[in-house]
file model_18.pdb (PDB, C-alpha atoms and all ligand atoms)
ATOM      1  CA  MET A 662       0.000   0.000   0.000
ATOM      2  CA  ASN A 663       1.922   2.994  -1.249
ATOM      3  CA  GLN A 664       0.663   6.333  -0.073
ATOM      4  CA  LYS A 665       1.768   9.638  -1.436
ATOM      5  CA  ALA A 666       4.533  11.159   0.645
ATOM      6  CA  VAL A 667       3.767  14.017   2.970
ATOM      7  CA  THR A 668       4.221  17.159   0.990
ATOM      8  CA  ILE A 669       5.153  19.837   3.487
ATOM      9  CA  SER A 670       8.272  21.473   2.076
ATOM     10  CA  THR A 671      11.487  22.282   3.905
ATOM     11  CA  SER A 672      11.091  25.964   3.137
ATOM     12  CA  GLN A 673       7.570  25.875   4.570
ATOM     13  CA  LEU A 674       8.872  24.281   7.779
ATOM     14  CA  ILE A 675      11.639  26.851   8.027
ATOM     15  CA  GLU A 676       9.084  29.597   7.592
ATOM     16  CA  PHE A 677       7.062  28.196  10.525
ATOM     17  CA  LEU A 678      10.202  28.095  12.624
ATOM     18  CA  ASP A 679      11.154  31.582  11.528
ATOM     19  CA  GLN A 680       7.855  32.962  12.837
ATOM     20  CA  GLU A 681       8.585  31.628  16.317
ATOM     21  CA  LEU A 682      12.071  33.111  16.543
ATOM     22  CA  LYS A 683      11.236  36.780  16.386
ATOM     23  CA  ASN A 684      10.806  37.373  20.090
ATOM     24  CA  LEU A 685      13.371  35.111  21.682
ATOM     25  CA  PRO A 686      15.094  36.679  24.699
ATOM     26  CA  ASP A 687      18.607  38.021  24.226
ATOM     27  CA  ASN A 688      20.282  38.802  27.528
ATOM     28  CA  ARG A 689      23.688  39.638  26.129
ATOM     29  CA  LYS A 690      25.356  42.696  27.476
ATOM     30  CA  GLY A 691      27.896  44.661  25.492
ATOM     31  CA  GLU A 692      28.364  45.443  21.878
ATOM     32  CA  ASN A 693      29.418  42.184  20.290
ATOM     33  CA  LYS A 694      26.172  41.039  18.752
ATOM     34  CA  LYS A 695      27.423  39.892  15.377
ATOM     35  CA  TYR A 696      25.089  36.908  15.419
ATOM     36  CA  THR A 697      21.446  37.188  16.440
ATOM     37  CA  VAL A 698      19.729  34.587  18.637
ATOM     38  CA  LYS A 699      17.411  33.853  15.737
ATOM     39  CA  ASN A 700      20.342  33.061  13.456
ATOM     40  CA  ALA A 701      21.853  30.833  16.123
ATOM     41  CA  VAL A 702      18.628  28.778  16.265
ATOM     42  CA  LEU A 703      18.446  28.546  12.479
ATOM     43  CA  ALA A 704      22.113  27.560  12.303
ATOM     44  CA  ALA A 705      21.533  24.837  14.913
ATOM     45  CA  PHE A 706      18.423  23.634  13.085
ATOM     46  CA  SER A 707      20.294  23.559   9.767
ATOM     47  CA  VAL A 708      22.516  20.755  11.101
ATOM     48  CA  PHE A 709      19.524  18.459  10.634
ATOM     49  CA  PHE A 710      19.248  19.639   7.037
ATOM     50  CA  THR A 711      22.656  18.235   6.062
ATOM     51  CA  GLN A 712      22.479  15.383   8.616
ATOM     52  CA  SER A 713      26.232  15.658   9.115
ATOM     53  CA  PRO A 714      27.839  13.753  11.964
ATOM     54  CA  SER A 715      29.844  16.805  13.024
ATOM     55  CA  PHE A 716      29.177  20.506  13.050
ATOM     56  CA  LEU A 717      32.413  21.208  11.219
ATOM     57  CA  GLN A 718      31.498  18.883   8.360
ATOM     58  CA  HIS A 719      28.056  20.443   8.325
ATOM     59  CA  GLN A 720      29.522  23.912   7.886
ATOM     60  CA  ARG A 721      31.721  22.694   5.055
ATOM     61  CA  LEU A 722      28.754  21.107   3.296
ATOM     62  CA  MET A 723      26.613  24.200   3.693
ATOM     63  CA  LYS A 724      29.314  26.267   2.045
ATOM     64  CA  GLN A 725      30.017  23.763  -0.745
ATOM     65  CA  LYS A 726      26.513  23.360  -2.072
ATOM     66  CA  LYS A 727      25.581  25.957  -4.619
ATOM     67  CA  GLY A 728      22.278  27.180  -6.006
ATOM     68  CA  LYS A 729      18.905  25.909  -4.849
ATOM     69  CA  ASP A 730      20.280  23.311  -2.522
ATOM     70  CA  ASN A 731      22.414  25.760  -0.681
ATOM     71  CA  GLY A 732      21.392  25.505   2.941
ATOM     72  CA  GLN A 733      22.733  28.946   3.655
ATOM     73  CA  SER A 734      20.320  30.577   1.249
ATOM     74  CA  LEU A 735      17.493  28.272   2.351
ATOM     75  CA  PHE A 736      17.956  29.364   5.964
ATOM     76  CA  GLY A 737      18.777  32.948   5.099
ATOM     77  CA  LEU A 738      22.134  32.684   6.809
ATOM     78  CA  SER A 739      24.923  34.747   5.310
ATOM     79  CA  GLU A 740      27.380  33.558   7.937
ATOM     80  CA  ILE A 741      27.051  30.511  10.123
ATOM     81  CA  PRO A 742      28.125  30.920  13.732
ATOM     82  CA  CYS A 743      30.429  28.177  15.014
ATOM     83  CA  ASP A 744      29.110  25.579  17.438
ATOM     84  CA  ASN A 745      30.573  27.330  20.497
ATOM     85  CA  GLN A 746      28.895  30.589  19.606
ATOM     86  CA  ILE A 747      25.614  28.772  19.031
ATOM     87  CA  ARG A 748      25.862  27.008  22.389
ATOM     88  CA  LYS A 749      26.538  30.261  24.202
ATOM     89  CA  LEU A 750      23.552  31.955  22.588
ATOM     90  CA  LEU A 751      21.107  29.072  22.959
ATOM     91  CA  ASP A 752      21.967  27.648  26.372
ATOM     92  CA  PRO A 753      19.920  30.257  28.294
ATOM     93  CA  ILE A 754      16.852  29.773  26.077
ATOM     94  CA  PRO A 755      14.313  27.127  27.140
ATOM     95  CA  ALA A 756      13.388  24.762  24.293
ATOM     96  CA  LYS A 757       9.689  25.231  24.975
ATOM     97  CA  LEU A 758       9.907  28.763  23.560
ATOM     98  CA  VAL A 759       9.995  27.244  20.072
ATOM     99  CA  PHE A 760       7.439  24.475  20.691
ATOM    100  CA  GLU A 761       4.666  26.529  19.119
ATOM    101  CA  VAL A 762       6.158  25.518  15.774
ATOM    102  CA  PHE A 763       4.855  21.975  16.350
ATOM    103  CA  ARG A 764       1.314  23.321  16.713
ATOM    104  CA  THR A 765       1.626  25.462  13.576
ATOM    105  CA  THR A 766       2.922  22.455  11.643
ATOM    106  CA  HIS A 767       0.131  20.185  12.925
ATOM    107  CA  GLN A 768      -2.416  22.815  11.907
ATOM    108  CA  TRP A 769      -0.961  22.890   8.400
ATOM    109  CA  ILE A 770      -0.971  19.102   8.244
ATOM    110  CA  GLU A 771      -4.635  19.002   9.270
ATOM    111  CA  ASN A 772      -5.755  21.834   7.013
ATOM    112  CA  ASN A 773      -4.128  20.104   4.045
ATOM    113  CA  GLN A 774      -5.651  16.726   4.894
ATOM    114  CA  VAL A 775      -2.196  15.168   5.183
ATOM    115  CA  ILE A 776      -3.280  13.762   8.531
ATOM    116  CA  GLU A 777      -5.769  11.494   6.722
ATOM    117  CA  GLN A 778      -2.843   9.497   5.320
ATOM    118  CA  PHE A 779      -1.893   8.543   8.846
ATOM    119  CA  LYS A 780      -5.241   7.171   9.968
ATOM    120  CA  CYS A 781      -5.579   3.434  10.373
ATOM    121  CA  LEU A 782      -7.412   0.842  12.491
ATOM    122  CA  ASN A 783     -10.890   2.399  12.275
ATOM    123  CA  ASN A 784      -9.809   5.958  11.685
ATOM    124  CA  GLN A 785      -7.341   6.169  14.553
ATOM    125  CA  LEU A 786      -4.076   7.977  14.855
ATOM    126  CA  LEU A 787      -1.269   5.990  16.454
ATOM    127  CA  ILE A 788       1.232   7.784  18.656
ATOM    128  CA  ALA A 789       4.398   5.838  19.434
ATOM    129  CA  LEU A 790       6.035   6.828  22.724
ATOM    130  CA  ASP A 791       9.685   6.108  23.336
ATOM    131  CA  GLY A 792      12.612   7.553  25.200
ATOM    132  CA  THR A 793      16.029   8.278  23.764
ATOM    133  CA  GLU A 794      19.322   9.553  25.163
ATOM    134  CA  TYR A 795      20.800  12.578  23.466
ATOM    135  CA  TYR A 796      23.584  13.586  25.831
ATOM    136  CA  HIS A 797      25.993  11.866  28.159
ATOM    137  CA  SER A 798      29.290  12.784  29.722
ATOM    138  CA  LYS A 799      31.502  11.645  32.568
ATOM    139  CA  LYS A 800      32.607  15.221  33.185
ATOM    140  CA  LEU A 801      30.227  17.880  31.981
ATOM    141  CA  ASN A 802      26.994  18.123  33.907
ATOM    142  CA  CYS A 803      24.306  20.584  34.903
ATOM    143  CA  PRO A 804      21.731  20.817  37.725
ATOM    144  CA  HIS A 805      19.176  19.026  35.527
ATOM    145  CA  CYS A 806      21.322  15.995  34.705
ATOM    146  CA  ASN A 807      20.296  12.484  35.636
ATOM    147  CA  TYR A 808      23.234  10.254  36.510
ATOM    148  CA  ARG A 809      24.336   6.627  36.652
ATOM    149  CA  LYS A 810      26.842   5.492  39.257
ATOM    150  CA  HIS A 811      29.122   2.706  38.025
ATOM    151  CA  ARG A 812      30.725  -0.056  40.039
ATOM    152  CA  ASN A 813      34.198   1.397  39.551
ATOM    153  CA  GLY A 814      33.010   4.584  41.228
ATOM    154  CA  SER A 815      32.697   6.681  38.090
ATOM    155  CA  VAL A 816      29.536   8.606  37.258
ATOM    156  CA  THR A 817      27.868   9.197  33.895
ATOM    157  CA  TYR A 818      25.659  12.251  33.583
ATOM    158  CA  TYR A 819      22.982  12.126  30.919
ATOM    159  CA  HIS A 820      19.937  13.725  29.384
ATOM    160  CA  GLN A 821      17.092  11.813  27.769
ATOM    161  CA  VAL A 822      13.854  12.763  26.099
ATOM    162  CA  VAL A 823      10.514  11.161  25.290
ATOM    163  CA  THR A 824       9.675  11.751  21.633
ATOM    164  CA  PRO A 825       6.008  11.116  20.843
ATOM    165  CA  VAL A 826       5.424  10.694  17.093
ATOM    166  CA  ILE A 827       2.399   9.870  14.993
ATOM    167  CA  VAL A 828       3.195   6.717  13.050
ATOM    168  CA  ALA A 829       1.290   4.629  10.522
ATOM    169  CA  PRO A 830       2.100   1.234   8.999
ATOM    170  CA  GLN A 831       1.482   2.672   5.530
ATOM    171  CA  SER A 832       3.743   5.698   5.957
ATOM    172  CA  LYS A 833       7.497   6.123   6.073
ATOM    173  CA  GLN A 834       7.048   9.591   7.517
ATOM    174  CA  VAL A 835       6.203  10.402  11.102
ATOM    175  CA  ILE A 836       4.716  13.533  12.654
ATOM    176  CA  ASN A 837       6.478  14.809  15.745
ATOM    177  CA  PHE A 838       4.921  16.193  18.875
ATOM    178  CA  PRO A 839       6.816  18.489  21.223
ATOM    179  CA  PRO A 840       9.204  16.243  23.149
ATOM    180  CA  GLU A 841       9.127  15.861  26.923
ATOM    181  CA  PHE A 842      12.577  16.111  28.457
ATOM    182  CA  ILE A 843      13.582  13.565  31.069
ATOM    183  CA  LYS A 844      15.559  15.775  33.377
ATOM    184  CA  LYS A 845      15.709  16.636  37.020
ATOM    185  CA  GLN A 846      12.818  19.028  37.553
ATOM    186  CA  ASP A 847      13.288  22.480  39.072
ATOM    187  CA  GLY A 848      13.533  22.333  42.836
ATOM    188  CA  LYS A 849      13.672  18.509  42.897
ATOM    189  CA  THR A 850      16.572  16.479  44.252
ATOM    190  CA  LYS A 851      15.215  13.171  42.947
ATOM    191  CA  GLN A 852      16.255  11.993  39.509
ATOM    192  CA  ASP A 853      13.641  12.173  36.787
ATOM    193  CA  CYS A 854      12.464   9.076  34.915
ATOM    194  CA  GLU A 855      10.769   8.204  31.642
ATOM    195  CA  ASN A 856       7.474   7.322  33.321
ATOM    196  CA  ALA A 857       7.270  10.675  35.074
ATOM    197  CA  ALA A 858       8.079  12.422  31.786
ATOM    198  CA  VAL A 859       5.326  10.549  29.939
ATOM    199  CA  LYS A 860       2.860  11.537  32.644
ATOM    200  CA  ARG A 861       3.839  15.193  32.254
ATOM    201  CA  TRP A 862       3.400  14.860  28.493
ATOM    202  CA  LEU A 863      -0.054  13.288  28.898
ATOM    203  CA  LEU A 864      -1.138  16.090  31.229
ATOM    204  CA  LYS A 865      -0.052  18.702  28.695
ATOM    205  CA  ASN A 866      -1.604  16.944  25.718
ATOM    206  CA  PRO A 867      -5.185  15.816  26.326
ATOM    207  CA  VAL A 868      -7.059  14.501  23.267
ATOM    208  CA  GLU A 869      -9.661  16.842  21.867
ATOM    209  CA  ARG A 870     -12.287  14.190  22.356
ATOM    210  CA  GLU A 871     -14.802  14.913  19.617
ATOM    211  CA  LYS A 872     -12.143  15.395  17.009
ATOM    212  CA  LYS A 873      -9.871  12.392  17.266
ATOM    213  CA  GLN A 874      -9.355   8.800  18.211
ATOM    214  CA  ILE A 875      -5.769   8.313  19.288
ATOM    215  CA  THR A 876      -4.066   5.123  20.425
ATOM    216  CA  LEU A 877      -0.764   5.300  22.266
ATOM    217  CA  LEU A 878       1.829   2.621  21.535
ATOM    218  CA  GLY A 879       4.426   1.871  24.172
ATOM    219  CA  ASP A 880       6.852  -0.766  25.332
ATOM    220  CA  ASN A 881       6.593  -2.565  28.644
ATOM    221  CA  LEU A 882       8.231   0.349  30.440
ATOM    222  CA  TYR A 883       4.850   2.042  30.270
ATOM    223  CA  SER A 884       2.854  -0.901  31.568
ATOM    224  CA  ARG A 885       2.076   0.839  34.836
ATOM    225  CA  GLN A 886      -1.415   1.294  36.160
ATOM    226  CA  SER A 887      -0.876   4.985  36.898
ATOM    227  CA  ILE A 888       0.175   5.710  33.296
ATOM    228  CA  CYS A 889      -2.696   3.700  31.827
ATOM    229  CA  GLU A 890      -5.247   5.431  34.042
ATOM    230  CA  LEU A 891      -3.897   8.849  33.156
ATOM    231  CA  ALA A 892      -3.908   7.963  29.430
ATOM    232  CA  LEU A 893      -7.605   7.034  29.683
ATOM    233  CA  GLU A 894      -8.421  10.177  31.656
ATOM    234  CA  GLN A 895      -6.767  12.271  28.953
ATOM    235  CA  GLY A 896      -8.842  10.579  26.270
ATOM    236  CA  TYR A 897      -6.351   8.114  24.771
ATOM    237  CA  ASN A 898      -6.626   4.438  23.934
ATOM    238  CA  PHE A 899      -3.443   2.460  24.324
ATOM    239  CA  VAL A 900      -1.608  -0.671  23.284
ATOM    240  CA  ILE A 901       1.251  -1.519  25.581
ATOM    241  CA  GLU A 902       3.721  -4.325  25.088
ATOM    242  CA  ILE A 903       2.643  -7.508  26.800
ATOM    243  CA  ILE A 904       5.267 -10.098  26.031
ATOM    244  CA  GLU A 905       8.471  -8.340  26.969
ATOM    245  CA  SER A 906       7.441  -8.045  30.586
ATOM    246  CA  ASN A 907       7.065 -11.814  30.841
ATOM    247  CA  ASN A 908      10.290 -12.957  29.319
ATOM    248  CA  ASP A 909      10.530 -15.973  31.572
ATOM    249  CA  ALA A 910       7.101 -17.327  30.631
ATOM    250  CA  THR A 911       6.444 -20.441  28.555
ATOM    251  CA  LEU A 912       4.308 -20.419  25.414
ATOM    252  CA  GLU A 913       1.421 -21.969  27.338
ATOM    253  CA  GLU A 914       1.670 -19.283  30.012
ATOM    254  CA  LEU A 915       1.715 -16.543  27.387
ATOM    255  CA  CYS A 916      -1.440 -18.032  25.832
ATOM    256  CA  ASP A 917      -3.101 -17.995  29.268
ATOM    257  CA  LEU A 918      -1.980 -14.442  29.847
ATOM    258  CA  LEU A 919      -3.327 -13.248  26.515
ATOM    259  CA  GLN A 920      -6.643 -14.980  27.139
ATOM    260  CA  GLU A 921      -6.898 -13.405  30.553
ATOM    261  CA  LYS A 922      -6.142  -9.936  29.254
ATOM    262  CA  THR A 923      -7.968  -9.982  25.935
ATOM    263  CA  GLY A 924     -10.456 -12.836  26.026
ATOM    264  CA  VAL A 925      -8.821 -14.295  22.911
ATOM    265  CA  ARG A 926      -7.353 -17.790  23.014
ATOM    266  CA  VAL A 927      -4.609 -18.517  20.515
ATOM    267  CA  SER A 928      -2.867 -21.824  19.906
ATOM    268  CA  ARG A 929       0.665 -22.424  21.100
ATOM    269  CA  ALA A 930       1.772 -22.527  17.463
ATOM    270  CA  THR A 931       0.345 -19.055  16.880
ATOM    271  CA  MET A 932       1.960 -17.747  20.014
ATOM    272  CA  GLY A 933       5.198 -19.270  18.752
ATOM    273  CA  ARG A 934       4.880 -17.329  15.509
ATOM    274  CA  ILE A 935       4.113 -14.119  17.415
ATOM    275  CA  THR A 936       7.144 -14.528  19.648
ATOM    276  CA  ILE A 937       9.386 -15.231  16.646
ATOM    277  CA  LYS A 938       8.089 -12.076  15.003
ATOM    278  CA  LEU A 939       8.920 -10.155  18.158
ATOM    279  CA  ASN A 940      12.361 -11.759  18.366
ATOM    280  CA  TYR A 941      11.475 -13.116  21.762
ATOM    281  CA  SER A 942      12.835 -16.317  23.261
ATOM    282  CA  VAL A 943      10.586 -18.523  25.362
ATOM    283  CA  LYS A 944      11.401 -21.098  28.008
ATOM    284  CA  LYS A 945      10.721 -24.654  26.804
ATOM    285  CA  ASN A 946       9.238 -25.758  30.091
ATOM    286  CA  SER A 947       8.646 -24.402  33.512
ATOM    287  CA  ALA A 948       9.109 -26.080  36.864
ATOM    288  CA  ARG A 949       7.247 -23.397  38.697
ATOM    289  CA  SER A 950       4.254 -24.244  40.811
ATOM    290  CA  ARG A 951       0.801 -23.178  39.698
ATOM    291  CA  LYS A 952       0.662 -20.759  42.570
ATOM    292  CA  LYS A 953       3.802 -18.958  41.498
ATOM    293  CA  LYS A 954       2.594 -18.782  37.933
ATOM    294  CA  ARG A 955      -0.722 -17.367  39.117
ATOM    295  CA  SER A 956       0.896 -14.625  41.131
ATOM    296  CA  ARG A 957       3.265 -13.750  38.303
ATOM    297  CA  MET A 958       0.304 -13.333  36.009
ATOM    298  CA  ASP A 959      -1.486 -11.223  38.576
ATOM    299  CA  ASN A 960       1.590  -9.117  38.938
ATOM    300  CA  ALA A 961       2.013  -8.555  35.251
ATOM    301  CA  LYS A 962       0.926  -4.958  35.117
ATOM    302  CA  ILE A 963      -0.291  -5.130  31.587
ATOM    303  CA  HIS A 964      -3.102  -3.285  30.002
ATOM    304  CA  LEU A 965      -4.127  -3.906  26.435
ATOM    305  CA  GLY A 966      -6.249  -1.805  24.156
ATOM    306  CA  LYS A 967      -8.996  -3.399  22.135
ATOM    307  CA  ARG A 968      -6.852  -3.268  19.038
ATOM    308  CA  ILE A 969      -4.461  -5.991  20.017
ATOM    309  CA  ARG A 970      -7.281  -8.486  19.627
ATOM    310  CA  GLU A 971      -7.436  -7.673  15.957
ATOM    311  CA  LEU A 972      -3.691  -8.086  15.636
ATOM    312  CA  ILE A 973      -3.789 -11.495  17.286
ATOM    313  CA  GLU A 974      -6.797 -12.660  15.325
ATOM    314  CA  LYS A 975      -5.045 -11.623  12.149
ATOM    315  CA  SER A 976      -1.943 -13.616  12.927
ATOM    316  CA  ASN A 977      -4.178 -16.566  13.828
ATOM    317  CA  GLN A 978      -5.709 -16.713  10.346
TER     318      GLN A 978
HETATM  319 ZN    ZN A1001      22.691  18.290  32.430
END

call {"tool": "encode", "arguments": {"input": "model_18.pdb", "output": "structure tokens"}}
result
Amino acid sequence: MNQKAVTISTSQLIEFLDQELKNLPDNRKGENKKYTVKNAVLAAFSVFFTQSPSFLQHQRLMKQKKGKDNGQSLFGLSEIPCDNQIRKLLDPIPAKLVFEVFRTTHQWIENNQVIEQFKCLNNQLLIALDGTEYYHSKKLNCPHCNYRKHRNGSVTYYHQVVTPVIVAPQSKQVINFPPEFIKKQDGKTKQDCENAAVKRWLLKNPVEREKKQITLLGDNLYSRQSICELALEQGYNFVIEIIESNNDATLEELCDLLQEKTGVRVSRATMGRITIKLNYSVKKNSARSRKKKRSRMDNAKIHLGKRIRELIEKSNQ
């Protein structure tokens, strides 16, 4: 099923970004204001345009390309500040000051019916939730860093982010939502975690109920009652990974678990095919007592949306 690609152009996206950069704060004192804050943001954003592994290579590429493809003319940058200058200018500016650009882009995507290409499973939008790490260092850290202590006594500081995106099986493109940063919150001494970040994101992004049906997709990290309840309160459906959280279960136990959670009984052969698809290894037999098995199943904090039934039934055919 080949759908037409999403047609929002790069220049259109840059224009949306441009609109949001007019009133960014600039707290610099003194005369040396060769580069504006706006140009620093555009220069930082342009790195994604060339997809270069280093900023230096990116700058070289931007200068090399001539004519239409020239990133410098596309971004309206006559001179590109170096990465240190960009860092200095952008560090004091909270990312959320440019988040409005996501809303503008979504509006465009809806007005131009592009969103229709992403609907599936009875007219639903699917939002995949996942966390990713974008910074780590053994030395450099800030008050918002999370950290890992290693056995040898060393410490790694890191920053992660949850990046919700609209996905569809028929589309290679995704549509981004504003990310939720996993970072130590202001005034908190406790480290932040992905679950807390997802909850913050859910609170900020309730579904406009009459307009949309949205199903959240998540791995077993999100199979917590508090997240599922909040997702429902905010108007979402959800499908959360079931198998990963039971990676010591046998095929028979997984069949029981699925039946308990969904009301659908599949054969062991089908379950075998599902687990192969998911690259999941299963114990051949289990010496556990019934009681233990029972309590493990009770403890599996798994909540499935209606949709998984269809998926299972499909693979059963
Ligand atoms: Zn930090």

call {"tool": "resolve_selection", "arguments": {"input": "model_18.pdb", "expression": "the PyMOL selection byres (((not hetatm)) within 7 of (chain A and resi 1001))", "output": "list in words"}}
result
Asn802, Cys803, Pro804, His805, Cys806, Tyr818, Tyr819 and His820 of chain A

call {"tool": "resolve_selection", "arguments": {"input": "model_18.pdb", "expression": "the PyMOL selection byres (((chain A and resi 698) around 8) and not hetatm)", "output": "mmCIF file with C-alpha atoms, in the coordinates of the input"}}
result
data_model
loop_
_atom_site.group_PDB
_atom_site.id
_atom_site.type_symbol
_atom_site.label_atom_id
_atom_site.label_comp_id
_atom_site.auth_asym_id
_atom_site.auth_seq_id
_atom_site.Cartn_x
_atom_site.Cartn_y
_atom_site.Cartn_z
ATOM 1 C CA LEU A 685 13.371 35.111 21.682
ATOM 2 C CA PRO A 686 15.094 36.679 24.699
ATOM 3 C CA ASP A 687 18.607 38.021 24.226
ATOM 4 C CA TYR A 696 25.089 36.908 15.419
ATOM 5 C CA THR A 697 21.446 37.188 16.440
ATOM 6 C CA LYS A 699 17.411 33.853 15.737
ATOM 7 C CA ASN A 700 20.342 33.061 13.456
ATOM 8 C CA ALA A 701 21.853 30.833 16.123
ATOM 9 C CA VAL A 702 18.628 28.778 16.265
ATOM 10 C CA LEU A 750 23.552 31.955 22.588
ATOM 11 C CA LEU A 751 21.107 29.072 22.959
#

call {"tool": "closest_residue", "arguments": {"input": "model_18.pdb", "among": "A:Gln720, A:Ser715, A:Ser707, A:Thr876", "to": "Ala829 of chain A", "atoms": "all atoms listed in the file"}}
result
A:Thr876

call {"tool": "resolve_selection", "arguments": {"input": "model_18.pdb", "expression": "the PyMOL selection byres (((chain A and resi 849-855) around 12) and not hetatm)", "output": "VMD selection string"}}
result
chain A and resid 790 to 794 804 to 809 818 to 824 840 to 848 856 to 862 879 to 883 885 888

call {"tool": "atom_distance", "arguments": {"input": "model_18.pdb", "atom1": "atom CA of Leu878 of chain A", "atom2": "atom CA of Glu902 of chain A"}}
result
8.0 Å

call {"tool": "atom_distance", "arguments": {"input": "model_18.pdb", "atom1": "atom CA of Arg748 of chain A", "atom2": "atom CA of Thr765 of chain A"}}
result
25.8 Å

call {"tool": "closest_residue", "arguments": {"input": "model_18.pdb", "among": "A:Leu674, A:Leu703, A:Val826, A:Leu891", "to": "Phe736 of chain A", "atoms": "all atoms listed in the file"}}
result
A:Leu703

call {"tool": "atom_distance", "arguments": {"input": "model_18.pdb", "atom1": "atom CA of Arg721 of chain A", "atom2": "atom CA of Asp744 of chain A"}}
result
13.0 Å

call {"tool": "residues_near_point", "arguments": {"input": "model_18.pdb", "point": "(6.4, 8.4, 10.0)", "cutoff": "12 Å", "atoms": "all atoms listed in the file", "output": "list in words"}}
result
Gln664, Ala666, Val667, Val775, Ile776, Gln778, Phe779, Lys780, Leu786, Leu787, Ile788, Ala789, Pro825, Val826, Ile827, Val828, Ala829, Pro830, Gln831, Ser832, Lys833, Gln834, Val835, Ile836, Asn837 and Phe838 of chain A

call {"tool": "closest_residue", "arguments": {"input": "model_18.pdb", "among": "A:Thr711, A:Arg764, A:Ser884, A:Glu869", "to": "Tyr897 of chain A", "atoms": "only C-alpha atoms"}}
result
A:Glu869

call {"tool": "closest_residue", "arguments": {"input": "model_18.pdb", "among": "A:Ala892, A:Gly691, A:Ile875, A:Ser670", "to": "Trp769 of chain A", "atoms": "only C-alpha atoms"}}
result
A:Ser670

call {"tool": "closest_residue", "arguments": {"input": "model_18.pdb", "among": "A:Thr817, A:Gln774, A:Gln673, A:Ser887", "to": "Val762 of chain A", "atoms": "only C-alpha atoms"}}
result
A:Gln673

call {"tool": "residues_near_point", "arguments": {"input": "model_18.pdb", "point": "(-1.4, -14.9, 22.9)", "cutoff": "6 Å", "atoms": "only C-alpha atoms", "output": "NGL selection string"}}
result
:A and (915-916 or 919 or 927 or 932)
